[in-house]
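A short write-up of the structure that comes next.
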Amino acid sequence: MPKAPPPLIYYLSEHPSIVGFRWSHAQSWGATWSFLFYSIASYLLLSLFLHLSLVLFRRHRPIPIGPLAAIHSLSMSLTSVTIFAGILISSAAEIRDTRWFWQRSKTPLEWLLCFPLGTRPSGRVFFWSYVYYLSRFLHMFRTPLTILRRRRLSFFHLLNHSISAFASFLWLEFSQSFQVLAILFATLVYALVYAYRFWTAIGLRGACFPFVLNCQIALLACNVACHVGVFFLHFFFKGGCNGIGAWLFNCVLNLALLTLSLNFYVRMYVGKRRMPRSVAPSLSEARDCK
């Protein structure tokens, strides 16, 4: 009789709901194109409405939101930790169970970067990819909180959150290669970033450098490195990776985000060092780009 897995392993990778998961427009909540577009459009419209309302009513002081920012940051950090642990353990289980099928043509690292052609969005890994997709909508709640608290609407935040939701939908819809590493990197960074935001939201001292932005740039750099790996595996070595069309589109989105992040970093932090001391303090709020 096989030994039962430990409870943590069971609930993160061996539960029947996880093992038997299948991405389906009819059975998976939020799994349709119409839901995706309506959700992103609603997010953009709500953010613009809040921003314009504050401008029209000339509300110069931040609106108190109590502990909402801290609660959101804590929930995002815990959610990210759970997804990171879940997809890490589930990936190890999937490699163990399916290695017989692809071990002659791929190593485990190559499988993480390049799914075999014909891969279907079902099983453990795609369950956690689905949970990550749903968490993108929880992630979006940060924008209204930021607008209410700081009276500021950031185009970068709007684009970043919208692209994140859209890209994670593509991962599931087309069983896109590279998504496992992308989710591992993203949830690790989000766990750190939102833990830091919770730390500062409850009144503790923040870092003396742009911690959040540096983490975001590090995440995008890791994604770019993985994209290079997928490119060589698909076009030069392994004869094809699944979901390559969605991957190409995802490359464009990541390149846009990397460009915006570097531009924001240069304007806010590199430019600040070159300003006179009388001008630089006016940019002190930019350090809090959480």
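For the structure tokens, the naming scheme is as follows: chains receive sequential letters (A, B, ...) according to their order of presentation, residues are indexed from 1 within each chain, and ligands are indexed from 1 in presentation order.
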
Non-local contacts of region 235-252 of chain A (8 Å; only C-alpha atoms; under 5 positions in same chain excluded) as a tab-separated table (two decimals) with N, CA and C atoms, in the first residue's frame:
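Result file follows (around.tsv):
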```
chain	number	residue	atom	x	y	z
A	105	SER	N	14.15	13.53	-24.83
A	105	SER	CA	14.33	14.74	-25.62
A	105	SER	C	14.53	16.00	-24.80
A	106	LYS	N	14.24	15.95	-23.48
A	106	LYS	CA	14.33	17.15	-22.67
A	106	LYS	C	14.90	16.83	-21.30
A	114	CYS	N	10.07	24.87	-21.94
A	114	CYS	CA	9.51	24.52	-23.24
A	114	CYS	C	8.61	23.29	-23.11
A	115	PHE	N	7.30	23.51	-22.97
A	115	PHE	CA	6.36	22.39	-22.91
A	115	PHE	C	6.38	21.62	-24.23
A	116	PRO	N	6.25	20.31	-24.19
A	116	PRO	CA	6.16	19.54	-25.45
A	116	PRO	C	4.95	19.97	-26.27
A	117	LEU	N	5.06	19.86	-27.57
A	117	LEU	CA	3.94	20.18	-28.45
A	117	LEU	C	2.75	19.28	-28.11
A	118	GLY	N	1.56	19.86	-28.10
A	118	GLY	CA	0.36	19.10	-27.78
A	118	GLY	C	-0.01	19.12	-26.31
A	119	THR	N	0.72	19.86	-25.49
A	119	THR	CA	0.40	19.96	-24.06
A	119	THR	C	-0.97	20.60	-23.86
A	167	ALA	N	-1.74	38.40	-19.92
A	167	ALA	CA	-0.70	37.40	-20.17
A	167	ALA	C	-0.99	36.10	-19.46
A	170	LEU	N	-3.49	34.13	-21.37
A	170	LEU	CA	-2.88	33.48	-22.54
A	170	LEU	C	-2.14	32.21	-22.15
A	171	TRP	N	-1.48	32.23	-21.00
A	171	TRP	CA	-0.76	31.05	-20.55
A	171	TRP	C	-1.68	29.84	-20.49
A	174	PHE	N	-3.55	28.90	-24.19
A	174	PHE	CA	-2.72	28.29	-25.22
A	174	PHE	C	-1.65	27.35	-24.64
A	175	SER	N	-1.78	26.98	-23.37
A	175	SER	CA	-0.79	26.09	-22.72
A	175	SER	C	0.62	26.58	-23.02
A	176	GLN	N	0.84	27.85	-22.78
A	176	GLN	CA	2.09	28.49	-23.20
A	176	GLN	C	3.30	27.97	-22.45
A	177	SER	N	4.38	27.73	-23.16
A	177	SER	CA	5.65	27.37	-22.54
A	177	SER	C	6.16	28.53	-21.69
A	227	HIS	N	12.97	34.10	-21.66
A	227	HIS	CA	12.49	34.23	-23.04
A	227	HIS	C	13.59	33.88	-24.04
A	230	VAL	N	13.74	30.12	-24.18
A	230	VAL	CA	12.65	29.56	-24.98
A	230	VAL	C	12.92	29.75	-26.47
```

**Request:** May I ask which of the residues A:Leu74, A:Ala191, A:Ala201, A:Leu148 is the closest one to Val55 (chain A), counting only C-alpha atoms?
**Result:**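 Checking each of A:Leu74, A:Ala191, A:Ala201, A:Leu148 against Val55 (chain A), counting only C-alpha atoms, the winner is A:Leu148.
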
**Test item: residues at most 7 Å from region 45-48 of chain A, only C-alpha atoms, excluding those fewer than 3 positions along its chain, as a list in words** =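 Neighbouring residues, sequence-local ones excluded: Ala41, Ser42, His51, Leu52, Thr143 and Pro144 of chain A.
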
Just write the chosen residues, all heavy atoms, as a compact mmCIF listing (two decimals), in the first residue's frame.
```txt
# COMPACT_ATOMS: atom_id res chain seq x y z
N ALA A 41 -11.50 46.23 -18.86
CA ALA A 41 -12.17 47.49 -19.17
C ALA A 41 -12.78 48.10 -17.91
O ALA A 41 -12.69 49.32 -17.68
CB ALA A 41 -13.23 47.28 -20.24
N SER A 42 -13.41 47.28 -17.07
CA SER A 42 -14.00 47.78 -15.83
C SER A 42 -12.93 48.33 -14.89
O SER A 42 -13.13 49.36 -14.24
CB SER A 42 -14.78 46.66 -15.13
OG SER A 42 -15.83 46.19 -15.95
N HIS A 51 -10.06 58.75 -10.28
CA HIS A 51 -9.09 59.83 -10.46
C HIS A 51 -9.77 61.13 -10.88
O HIS A 51 -9.50 62.20 -10.30
CB HIS A 51 -8.06 59.40 -11.51
CG HIS A 51 -7.06 60.46 -11.82
ND1 HIS A 51 -6.09 60.86 -10.93
CD2 HIS A 51 -6.87 61.23 -12.94
CE1 HIS A 51 -5.34 61.81 -11.48
NE2 HIS A 51 -5.80 62.05 -12.69
N LEU A 52 -10.66 61.06 -11.87
CA LEU A 52 -11.34 62.26 -12.35
C LEU A 52 -12.28 62.83 -11.29
O LEU A 52 -12.43 64.06 -11.20
CB LEU A 52 -12.12 61.94 -13.63
CG LEU A 52 -11.27 61.61 -14.87
CD1 LEU A 52 -12.16 61.22 -16.04
CD2 LEU A 52 -10.37 62.77 -15.24
N THR A 143 -4.69 49.57 -7.29
CA THR A 143 -4.79 50.85 -7.99
C THR A 143 -5.83 51.78 -7.37
O THR A 143 -5.53 52.95 -7.10
CB THR A 143 -5.09 50.61 -9.48
OG1 THR A 143 -4.03 49.83 -10.05
CG2 THR A 143 -5.19 51.93 -10.24
N PRO A 144 -7.09 51.35 -7.14
CA PRO A 144 -8.04 52.24 -6.47
C PRO A 144 -7.56 52.70 -5.10
O PRO A 144 -7.77 53.86 -4.72
CB PRO A 144 -9.32 51.39 -6.36
CG PRO A 144 -9.21 50.39 -7.44
CD PRO A 144 -7.74 50.08 -7.56
```

Distance query Leu145 (chain A) at most 8 Å, only C-alpha atoms, self and fewer than 3 positions along chain excluded, as a PDB file with all heavy atoms, in the first residue's frame:
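For reference, result-v1.pdb as written:
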```pdb
ATOM      1  N   ILE A  65      -8.172  55.522   4.204  1.00  0.00           N
ATOM      2  CA  ILE A  65      -8.687  54.185   3.861  1.00  0.00           C
ATOM      3  C   ILE A  65      -8.413  53.182   4.971  1.00  0.00           C
ATOM      4  O   ILE A  65      -8.651  51.978   4.789  1.00  0.00           O
ATOM      5  CB  ILE A  65      -8.069  53.687   2.539  1.00  0.00           C
ATOM      6  CG1 ILE A  65      -6.538  53.628   2.634  1.00  0.00           C
ATOM      7  CG2 ILE A  65      -8.500  54.549   1.377  1.00  0.00           C
ATOM      8  CD1 ILE A  65      -5.877  53.029   1.408  1.00  0.00           C
ATOM      9  N   LEU A  68      -6.981  49.212   4.986  1.00  0.00           N
ATOM     10  CA  LEU A  68      -7.216  48.487   3.736  1.00  0.00           C
ATOM     11  C   LEU A  68      -5.925  48.212   2.982  1.00  0.00           C
ATOM     12  O   LEU A  68      -5.749  47.132   2.423  1.00  0.00           O
ATOM     13  CB  LEU A  68      -8.194  49.271   2.850  1.00  0.00           C
ATOM     14  CG  LEU A  68      -9.655  49.292   3.305  1.00  0.00           C
ATOM     15  CD1 LEU A  68     -10.496  50.121   2.345  1.00  0.00           C
ATOM     16  CD2 LEU A  68     -10.206  47.876   3.390  1.00  0.00           C
ATOM     17  N   ALA A  69      -5.026  49.194   2.930  1.00  0.00           N
ATOM     18  CA  ALA A  69      -3.766  48.996   2.207  1.00  0.00           C
ATOM     19  C   ALA A  69      -2.941  47.886   2.844  1.00  0.00           C
ATOM     20  O   ALA A  69      -2.364  47.030   2.143  1.00  0.00           O
ATOM     21  CB  ALA A  69      -2.978  50.295   2.168  1.00  0.00           C
ATOM     22  N   PHE A 141      -6.778  45.573  -7.213  1.00  0.00           N
ATOM     23  CA  PHE A 141      -7.383  46.411  -6.185  1.00  0.00           C
ATOM     24  C   PHE A 141      -6.396  47.430  -5.626  1.00  0.00           C
ATOM     25  O   PHE A 141      -6.811  48.403  -4.989  1.00  0.00           O
ATOM     26  CB  PHE A 141      -7.925  45.545  -5.046  1.00  0.00           C
ATOM     27  CG  PHE A 141      -9.293  45.004  -5.299  1.00  0.00           C
ATOM     28  CD1 PHE A 141      -9.461  43.674  -5.640  1.00  0.00           C
ATOM     29  CD2 PHE A 141     -10.408  45.820  -5.213  1.00  0.00           C
ATOM     30  CE1 PHE A 141     -10.719  43.164  -5.888  1.00  0.00           C
ATOM     31  CE2 PHE A 141     -11.671  45.325  -5.458  1.00  0.00           C
ATOM     32  CZ  PHE A 141     -11.837  43.991  -5.793  1.00  0.00           C
ATOM     33  N   ARG A 142      -5.123  47.221  -5.872  1.00  0.00           N
ATOM     34  CA  ARG A 142      -4.147  48.183  -5.353  1.00  0.00           C
ATOM     35  C   ARG A 142      -4.284  49.549  -6.019  1.00  0.00           C
ATOM     36  O   ARG A 142      -4.040  50.579  -5.387  1.00  0.00           O
ATOM     37  CB  ARG A 142      -2.735  47.636  -5.548  1.00  0.00           C
ATOM     38  CG  ARG A 142      -1.702  48.625  -5.055  1.00  0.00           C
ATOM     39  CD  ARG A 142      -0.346  48.061  -4.860  1.00  0.00           C
ATOM     40  NE  ARG A 142       0.535  49.102  -4.352  1.00  0.00           N
ATOM     41  CZ  ARG A 142       0.603  49.480  -3.086  1.00  0.00           C
ATOM     42  NH1 ARG A 142      -0.145  48.870  -2.191  1.00  0.00           N
ATOM     43  NH2 ARG A 142       1.428  50.438  -2.699  1.00  0.00           N
ATOM     44  N   LEU A 148      -7.027  56.681  -4.073  1.00  0.00           N
ATOM     45  CA  LEU A 148      -7.693  57.287  -2.920  1.00  0.00           C
ATOM     46  C   LEU A 148      -6.679  57.825  -1.908  1.00  0.00           C
ATOM     47  O   LEU A 148      -6.896  58.879  -1.313  1.00  0.00           O
ATOM     48  CB  LEU A 148      -8.597  56.264  -2.243  1.00  0.00           C
ATOM     49  CG  LEU A 148      -9.823  55.803  -3.048  1.00  0.00           C
ATOM     50  CD1 LEU A 148     -10.541  54.678  -2.313  1.00  0.00           C
ATOM     51  CD2 LEU A 148     -10.776  56.965  -3.309  1.00  0.00           C
ATOM     52  N   ARG A 149      -5.586  57.113  -1.747  1.00  0.00           N
ATOM     53  CA  ARG A 149      -4.617  57.491  -0.720  1.00  0.00           C
ATOM     54  C   ARG A 149      -3.674  58.597  -1.179  1.00  0.00           C
ATOM     55  O   ARG A 149      -3.294  59.473  -0.398  1.00  0.00           O
ATOM     56  CB  ARG A 149      -3.810  56.258  -0.297  1.00  0.00           C
ATOM     57  CG  ARG A 149      -2.936  56.497   0.916  1.00  0.00           C
ATOM     58  CD  ARG A 149      -2.301  55.225   1.392  1.00  0.00           C
ATOM     59  NE  ARG A 149      -1.448  54.634   0.367  1.00  0.00           N
ATOM     60  CZ  ARG A 149      -0.648  53.590   0.599  1.00  0.00           C
ATOM     61  NH1 ARG A 149      -0.637  53.028   1.796  1.00  0.00           N
ATOM     62  NH2 ARG A 149       0.088  53.088  -0.368  1.00  0.00           N
TER      63      ARG A 149
END
```

**Distance criterion (only C-alpha atoms): nearest to Ser261 (chain A) out of A:Met76, A:Leu159, A:Ile71, A:Met140** =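 For Ser261 (chain A), the nearest of the given residues is A:Leu159.
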
**Asked** Smallest atom-to-atom distance to Tyr10 (chain A): which of A:Ala93, A:Val193, A:Ala31, A:Leu36, using only C-alpha atoms?
**Response**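 Ranked by minimum distance to Tyr10 (chain A), first place goes to A:Ala93.
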
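Using only C-alpha atoms, the smallest distance between any of A:Leu54, A:Leu258, A:Ala195, A:Leu184 and Asn214 (chain A) comes from A:Leu258.
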
Contact residues around Arg136 (chain A) with only C-alpha atoms at 10 Å, ignoring same-chain residues under 5 positions, as a short mmCIF file (atom, residue, chain, number, x, y, z; two decimals) with all heavy atoms, in the first residue's frame:
```cif
data_model
loop_
_atom_site.label_atom_id
_atom_site.label_comp_id
_atom_site.auth_asym_id
_atom_site.auth_seq_id
_atom_site.Cartn_x
_atom_site.Cartn_y
_atom_site.Cartn_z
N MET A 76 -2.03 39.72 -0.48
CA MET A 76 -1.28 39.46 -1.69
C MET A 76 0.01 38.70 -1.39
O MET A 76 0.41 37.79 -2.13
CB MET A 76 -0.96 40.76 -2.41
CG MET A 76 -2.08 41.31 -3.27
SD MET A 76 -2.55 40.20 -4.63
CE MET A 76 -1.00 39.97 -5.48
N VAL A 131 -4.96 29.67 -10.52
CA VAL A 131 -5.02 30.45 -9.28
C VAL A 131 -4.24 31.75 -9.43
O VAL A 131 -4.68 32.82 -8.96
CB VAL A 131 -4.48 29.61 -8.10
CG1 VAL A 131 -4.43 30.45 -6.82
CG2 VAL A 131 -5.33 28.37 -7.88
N PHE A 141 -6.78 45.57 -7.21
CA PHE A 141 -7.38 46.41 -6.18
C PHE A 141 -6.40 47.43 -5.63
O PHE A 141 -6.81 48.40 -4.99
CB PHE A 141 -7.92 45.54 -5.05
CG PHE A 141 -9.29 45.00 -5.30
CD1 PHE A 141 -9.46 43.67 -5.64
CD2 PHE A 141 -10.41 45.82 -5.21
CE1 PHE A 141 -10.72 43.16 -5.89
CE2 PHE A 141 -11.67 45.33 -5.46
CZ PHE A 141 -11.84 43.99 -5.79
N HIS A 161 -0.83 46.10 -14.56
CA HIS A 161 -1.87 45.21 -14.05
C HIS A 161 -2.70 44.61 -15.19
O HIS A 161 -3.08 43.43 -15.14
CB HIS A 161 -2.76 45.96 -13.07
CG HIS A 161 -2.06 46.37 -11.82
ND1 HIS A 161 -2.61 47.24 -10.90
CD2 HIS A 161 -0.84 46.03 -11.32
CE1 HIS A 161 -1.77 47.41 -9.90
NE2 HIS A 161 -0.69 46.69 -10.14
N SER A 162 -2.99 45.40 -16.19
CA SER A 162 -3.79 44.91 -17.32
C SER A 162 -3.02 43.85 -18.11
O SER A 162 -3.57 42.80 -18.47
CB SER A 162 -4.17 46.07 -18.24
OG SER A 162 -4.95 47.03 -17.55
N ILE A 163 -1.74 44.12 -18.37
CA ILE A 163 -0.92 43.16 -19.12
C ILE A 163 -0.73 41.88 -18.32
O ILE A 163 -0.76 40.77 -18.88
CB ILE A 163 0.44 43.80 -19.46
CG1 ILE A 163 0.27 44.84 -20.58
CG2 ILE A 163 1.45 42.74 -19.89
CD1 ILE A 163 1.54 45.55 -20.96
N SER A 164 -0.57 42.00 -17.01
CA SER A 164 -0.38 40.82 -16.18
C SER A 164 -1.59 39.88 -16.26
O SER A 164 -1.44 38.66 -16.38
CB SER A 164 -0.13 41.24 -14.73
OG SER A 164 0.07 40.13 -13.91
N ALA A 165 -2.80 40.45 -16.18
CA ALA A 165 -4.01 39.64 -16.29
C ALA A 165 -4.14 39.02 -17.67
O ALA A 165 -4.48 37.83 -17.82
CB ALA A 165 -5.24 40.48 -15.96
N PHE A 166 -3.86 39.81 -18.70
CA PHE A 166 -3.99 39.32 -20.07
C PHE A 166 -2.98 38.22 -20.36
O PHE A 166 -3.32 37.18 -20.96
CB PHE A 166 -3.81 40.49 -21.04
CG PHE A 166 -4.15 40.16 -22.46
CD1 PHE A 166 -5.47 40.05 -22.86
CD2 PHE A 166 -3.15 39.95 -23.40
CE1 PHE A 166 -5.79 39.73 -24.17
CE2 PHE A 166 -3.47 39.63 -24.71
CZ PHE A 166 -4.80 39.53 -25.09
N SER A 168 -1.47 36.17 -18.20
CA SER A 168 -1.76 34.93 -17.47
C SER A 168 -2.95 34.19 -18.08
O SER A 168 -3.01 32.95 -18.00
CB SER A 168 -2.03 35.25 -16.00
OG SER A 168 -3.10 36.16 -15.85
N PHE A 169 -3.87 34.92 -18.71
CA PHE A 169 -4.96 34.26 -19.44
C PHE A 169 -4.41 33.52 -20.66
O PHE A 169 -4.81 32.38 -20.95
CB PHE A 169 -5.99 35.29 -19.87
CG PHE A 169 -7.17 34.72 -20.62
CD1 PHE A 169 -8.29 34.28 -19.94
CD2 PHE A 169 -7.16 34.62 -22.01
CE1 PHE A 169 -9.38 33.75 -20.62
CE2 PHE A 169 -8.24 34.09 -22.70
CZ PHE A 169 -9.35 33.65 -22.00
#
```

**Prompt:** Quick one: DSSP alpha helix (DSSP H) residues in region 69-208 of chain A, as a PyMOL selection string?
**Reply:** chain A and resi 69-102+108-113+124-140+142-150+155-173+179-201

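The residue that comes closest to Leu181 (chain A), out of A:Asn254, A:Thr82, A:Thr107, A:Ser91 and on the basis of only C-alpha atoms, is A:Ser91.
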
**Asked** With distances taken over only C-alpha atoms, which of A:Val125, A:Leu138, A:Ile95, A:Val212 is nearest to His72 (chain A)?
**Response** A:Leu138

**Ile217 (chain A) surroundings by only C-alpha atoms, 12 Å radius, close-in-sequence under 3 positions cut, as JSON, numbers by chain** = {"A": [185, 186, 189, 210, 211, 212, 213, 214, 220, 221, 222, 223, 224, 254, 255, 257, 258, 259, 260, 261, 262, 263, 264, 265, 266]}

For Leu12 (chain A), find every residue with an atom within 8 Å (counting only C-alpha atoms), except residues of its own chain fewer than 6 positions away, and show them as a compact mmCIF listing (two decimals) with N, CA and C atoms, in the first residue's frame.
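The resulting file, selection.txt, is reproduced below:
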```txt
# COMPACT_ATOMS: atom_id res chain seq x y z
N ILE A 18 -6.88 19.42 -7.65
CA ILE A 18 -5.66 19.91 -8.30
C ILE A 18 -5.23 18.96 -9.41
N ALA A 85 4.64 28.06 -3.48
CA ALA A 85 4.84 26.72 -2.93
C ALA A 85 4.06 25.68 -3.73
N GLY A 86 2.83 26.04 -4.12
CA GLY A 86 2.00 25.10 -4.85
C GLY A 86 2.56 24.73 -6.20
N ILE A 87 2.99 25.72 -6.96
CA ILE A 87 3.46 25.40 -8.31
C ILE A 87 4.86 24.78 -8.26
N ILE A 89 5.96 22.63 -5.85
CA ILE A 89 5.75 21.22 -5.51
C ILE A 89 5.03 20.49 -6.65
N SER A 90 4.07 21.17 -7.28
CA SER A 90 3.33 20.54 -8.38
C SER A 90 4.22 20.31 -9.59
```
